[in-house]
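The structure appears right after this line, and notes come after that.
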Amino acid sequence: MSRIMIAPGKYIQGYGELKRLKDHIGAMGSTFLVLISRGGLGRLESTLKAGFRGNESALVFETFNGECSKTEIDRIRAVCRDKKCDAVIGVGGGKILDTAKAVAYYEKTPVIIVPTIASTDAPCSALSVIYTDEGVFSEYLVLPKNPDAVLMDTEVIVNAPARLLVAGMGDALATYFEARGCIAADKTNMPGGHATKAALALAELCYDTLLEDGLKALLAVETGSCTKAVENIVEANTFLSGLGFESGGLGAAHAVHNGFTVLEECHGLYHGEKVAFGTLVQLVLENAPEEELEEVMGFCASVGLPVTLEEMGVKEADRARIMDVARAACAPGETIHNMPFAVSPEDVCSAILAADALGRHFLA
């Protein structure tokens with residue numbers, strides 16, 4: 001089996017880069033559909049227009065309806081065709097970016113990803129996560145290529161709520177452990193090959209960066225400051241985690257995340273907050289060494305990621321409800337089956353309850 005590693009066409013990160021948007025993407029088209037939230041438009045419309053310096057008419061703004069669903073993708077596709085846009089710019093959080101990637105794929109146009117937060121590893125990936133209109137996970141849309149460009153303006157990111165940066169750390173936390181599990185099982189990665197040594201090295205660097213700079217970055221962002229630690233964590237959350245998960249592979253942590261979407265009380269959590277707890281569940285499934293569990297729980301507690309079901313918002317953690325989560329996590333085709341051992345819903349249910357007990361013991 002071939003070793004395959006994929007990456008976006010261009011990755012740009014720095015303070016104030018959005019003001020130089022045309023310099024980075026001007027050659028990709030003449031009319032750009034900008035998919036953005038209503039709040040994001042209010043905050044960033046003038047900056048985006050300044051990035052095109054006198055050619056503001058090249059930007060067609062469309063507000064996002066809130067869910068990366070087939071309904072919303074079809075609606076934005078119609079706007080793209082009607083306005084004769086020859087490229088799509090997604091500006092915002094993970095679901096906006098996934099929608100922009102899906103629209104560009106179906107309309108056969110370039111896509112430029114401009115996150116306003118560093119809350120997931122979605123920006124760099126050739127993947128869109130599709131949900132129902134009600135917010136329940138539906139499917140992965142695997143795309144034939146990565147975004148043509150990803151632009152991370154840290155001036156914008158440091159002004160977002162600190163919880164979003166922490167959620168990105170939670171998503172990035174799973175990268176090394178899931179890649180490690182996939183490689184141990186000799187499973188294929190997202191593009192359908194085996195992982196390169198570079199992919200595992202990037203995944204491990206991602207984890208090391210979180211441990212070294214995560215708390216420092218959180219404290220800096222809480223003051224609205226952009227430090228070297230913040231730049232490092234933005235890169236870890238977005239670039240290192242994005243390349244690491246995609247070219248390394250996904251495992252139990254993200255499947256457990258998908259399982260928790262069946263519980264209504266978890267809908268208010270960010271993706272990375274559920275993935276962080278899913279990482280603990282994966283480590284329990286693996287019977288990871290106590291030192292590793294304590295290191296991961298210590299990191300989570302230091303930055304405010306959940307280590308118990310109560311912190312996940314699950315007040316009634318009876319076995320029947322957790323079994324519903326476990327069954328969803330073990331659905332056919334789920335990434336939990338990339339682990340180097342067979343996993344049943346009963347295994348996952350027990351691991352979730354055990355991870356909760358470990359988390360409660362650690363916090364006590």
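Going through the structure tokens in order, the chains are called A, B, and so on, while each chain numbers its residues from 1 and the ligands are numbered from 1 in the order shown.
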
### Message
Based on the backbone DSSP call, show me all residues of region 39-174 of chain A assigned strand (DSSP E or B), as a VMD selection string.
### Response
chain A and resid 59 to 63 87 to 92 111 to 115 127 to 131 137 to 142 149 to 153

May I have the selected residues written with C-alpha atoms, as a PDB file, in the first residue's frame?
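Okay, out_16.pdb is ready:
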```
ATOM      1  CA  LEU A  59     -16.608  40.151  -3.295  1.00  0.00           C
ATOM      2  CA  VAL A  60     -20.153  38.767  -3.142  1.00  0.00           C
ATOM      3  CA  PHE A  61     -21.210  38.356   0.508  1.00  0.00           C
ATOM      4  CA  GLU A  62     -23.652  35.637   1.620  1.00  0.00           C
ATOM      5  CA  THR A  63     -24.578  34.946   5.238  1.00  0.00           C
ATOM      6  CA  ALA A  87     -14.106  30.979  -6.331  1.00  0.00           C
ATOM      7  CA  VAL A  88     -15.476  30.555  -2.796  1.00  0.00           C
ATOM      8  CA  ILE A  89     -14.054  32.145   0.359  1.00  0.00           C
ATOM      9  CA  GLY A  90     -15.202  30.682   3.664  1.00  0.00           C
ATOM     10  CA  VAL A  91     -14.760  33.112   6.566  1.00  0.00           C
ATOM     11  CA  GLY A  92     -15.591  31.936  10.091  1.00  0.00           C
ATOM     12  CA  VAL A 111     -11.817  27.457  -2.266  1.00  0.00           C
ATOM     13  CA  ILE A 112     -10.042  29.804   0.127  1.00  0.00           C
ATOM     14  CA  ILE A 113     -10.422  29.117   3.840  1.00  0.00           C
ATOM     15  CA  VAL A 114     -10.198  32.072   6.268  1.00  0.00           C
ATOM     16  CA  PRO A 115     -10.863  30.949   9.848  1.00  0.00           C
ATOM     17  CA  LEU A 127     -12.995  16.927   4.306  1.00  0.00           C
ATOM     18  CA  SER A 128     -16.369  18.374   5.168  1.00  0.00           C
ATOM     19  CA  VAL A 129     -18.366  17.063   8.124  1.00  0.00           C
ATOM     20  CA  ILE A 130     -22.031  17.041   7.180  1.00  0.00           C
ATOM     21  CA  TYR A 131     -24.794  17.304   9.774  1.00  0.00           C
ATOM     22  CA  PHE A 137     -23.771  14.116  12.633  1.00  0.00           C
ATOM     23  CA  SER A 138     -24.703  12.666   9.234  1.00  0.00           C
ATOM     24  CA  GLU A 139     -21.584  11.799   7.217  1.00  0.00           C
ATOM     25  CA  TYR A 140     -18.081  12.737   6.125  1.00  0.00           C
ATOM     26  CA  LEU A 141     -17.735  14.227   2.652  1.00  0.00           C
ATOM     27  CA  VAL A 142     -14.218  13.270   1.552  1.00  0.00           C
ATOM     28  CA  ALA A 149      -5.360  28.394   0.313  1.00  0.00           C
ATOM     29  CA  VAL A 150      -5.759  28.664   4.088  1.00  0.00           C
ATOM     30  CA  LEU A 151      -5.234  32.078   5.682  1.00  0.00           C
ATOM     31  CA  MET A 152      -4.962  32.437   9.469  1.00  0.00           C
ATOM     32  CA  ASP A 153      -5.015  36.072  10.598  1.00  0.00           C
TER      33      ASP A 153
END
```

Go through region 88-194 of chain A residue by residue and, counting only C-alpha atoms, keep those with an atom at most 10 Å from region 305-322 of chain A; for each kept residue give the shortest atom pair and its distance in Å to one decimal, ordered by chain and increasing number, as JSON lines.
```
{"residue": "A:Arg163", "atom": "CA", "partner": "A:Leu305", "partner_atom": "CA", "distance": 9.1}
{"residue": "A:Val166", "atom": "CA", "partner": "A:Leu305", "partner_atom": "CA", "distance": 7.2}
{"residue": "A:Ala167", "atom": "CA", "partner": "A:Leu305", "partner_atom": "CA", "distance": 7.4}
{"residue": "A:Met169", "atom": "CA", "partner": "A:Leu305", "partner_atom": "CA", "distance": 8.6}
{"residue": "A:Gly170", "atom": "CA", "partner": "A:Leu305", "partner_atom": "CA", "distance": 6.8}
```

### Message
Between A:Ala102, A:Ala198, A:Leu269, A:Ala78, which residue has the minimum interatomic distance to Ser119 (chain A), considering only C-alpha atoms?
### Response
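Under the stated criterion, the closest residue is A:Leu269.
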
### Message
Here is a test: counting only C-alpha atoms, which residue of A:Glu222, A:Glu290, A:Asp208, A:Glu264 is nearest to Leu240 (chain A)?
### Response
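For Leu240 (chain A), the nearest of the given residues is A:Asp208.
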
#### Entry: Selection near Pro8 (chain A), 7 Å with only C-alpha atoms, sequence-local residues under 5 positions removed, as an MDAnalysis selection string
chainID A and resid 124 146:149

Keeping all heavy atoms for every residue in the selection just given, could you write it to a file as a CSV table (one decimal), in the first residue's frame?
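The resulting selection.csv:
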```
chain,number,residue,atom,x,y,z
A,124,CYS,N,-7.5,23.0,7.0
A,124,CYS,CA,-6.6,22.5,6.0
A,124,CYS,C,-7.0,21.3,5.3
A,124,CYS,O,-6.4,20.9,4.4
A,124,CYS,CB,-5.2,22.3,6.7
A,124,CYS,SG,-4.4,23.8,7.3
A,146,ASN,N,-7.3,19.2,-1.1
A,146,ASN,CA,-7.3,20.2,0.0
A,146,ASN,C,-7.6,21.6,-0.5
A,146,ASN,O,-7.6,21.8,-1.7
A,146,ASN,CB,-6.0,20.2,0.7
A,146,ASN,CG,-5.6,18.8,1.3
A,146,ASN,OD1,-5.2,17.9,0.6
A,146,ASN,ND2,-5.7,18.7,2.6
A,147,PRO,N,-8.0,22.5,0.4
A,147,PRO,CA,-8.2,23.9,0.0
A,147,PRO,C,-7.1,24.5,-0.8
A,147,PRO,O,-5.9,24.1,-0.6
A,147,PRO,CB,-8.4,24.6,1.3
A,147,PRO,CG,-8.9,23.6,2.3
A,147,PRO,CD,-8.2,22.3,1.9
A,148,ASP,N,-7.4,25.4,-1.7
A,148,ASP,CA,-6.4,26.0,-2.5
A,148,ASP,C,-5.5,26.9,-1.6
A,148,ASP,O,-4.3,27.2,-1.9
A,148,ASP,CB,-7.0,26.7,-3.6
A,148,ASP,CG,-7.7,25.8,-4.6
A,148,ASP,OD1,-7.1,25.3,-5.5
A,148,ASP,OD2,-8.9,25.5,-4.3
A,149,ALA,N,-6.1,27.5,-0.6
A,149,ALA,CA,-5.4,28.4,0.3
A,149,ALA,C,-6.1,28.4,1.7
A,149,ALA,O,-7.3,28.3,1.7
A,149,ALA,CB,-5.2,29.8,-0.2
```

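By chain and then residue number, the residues within 8 Å of Leu218 (chain A) are Ala162, Leu165, Val166, Gly214, Leu215, Lys216, Ala220, Val221, Glu222, Val230 and Val303 of chain A, counting only C-alpha atoms and disregarding those fewer than 2 positions away in sequence.
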
### Message
So that I can see what lies close to Glu17 (chain A), please list as a list of chain:residue names the residues with an atom at most 12 Å from it, counting only C-alpha atoms and leaving out residues fewer than 5 positions away in the same chain.
### Response
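Surrounding residues, per the criterion: A:Tyr11, A:Ile12, A:Lys22, A:Asp23, A:His24, A:Ile25, A:Thr47, A:Leu48, A:Ala50, A:Gly51, A:Val114, A:Pro115, A:Thr116, A:Val150, A:Leu151, A:Met152, A:Asp153, A:Thr154, A:Glu155, A:Val156, A:Ile157.
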
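One distance worth recording is that between CA of Gly54 (chain A) and CA of Glu107 (chain A), which is 27.3 Å.
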
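For the residues A:Thr132, A:Ser37, A:Thr279, A:Ser30, ranking by smallest atom-to-atom distance to Val256 (chain A) using only C-alpha atoms places A:Thr279 first.
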
### Task
Write out as a count of residues only each polymer residue whose atoms come within 10 Å of Arg327 (chain A), counting only C-alpha atoms; drop sequence neighbours fewer than 5 positions from it.
9

### Summary
What separates CA of Ala331 (chain A) and CA of Asn258 (chain A) is a distance of 9.9 Å

### Task
Calculate how many Å separate CA of Ala328 (chain A) from CA of Pro340 (chain A), rounding to one decimal.
19.4 Å
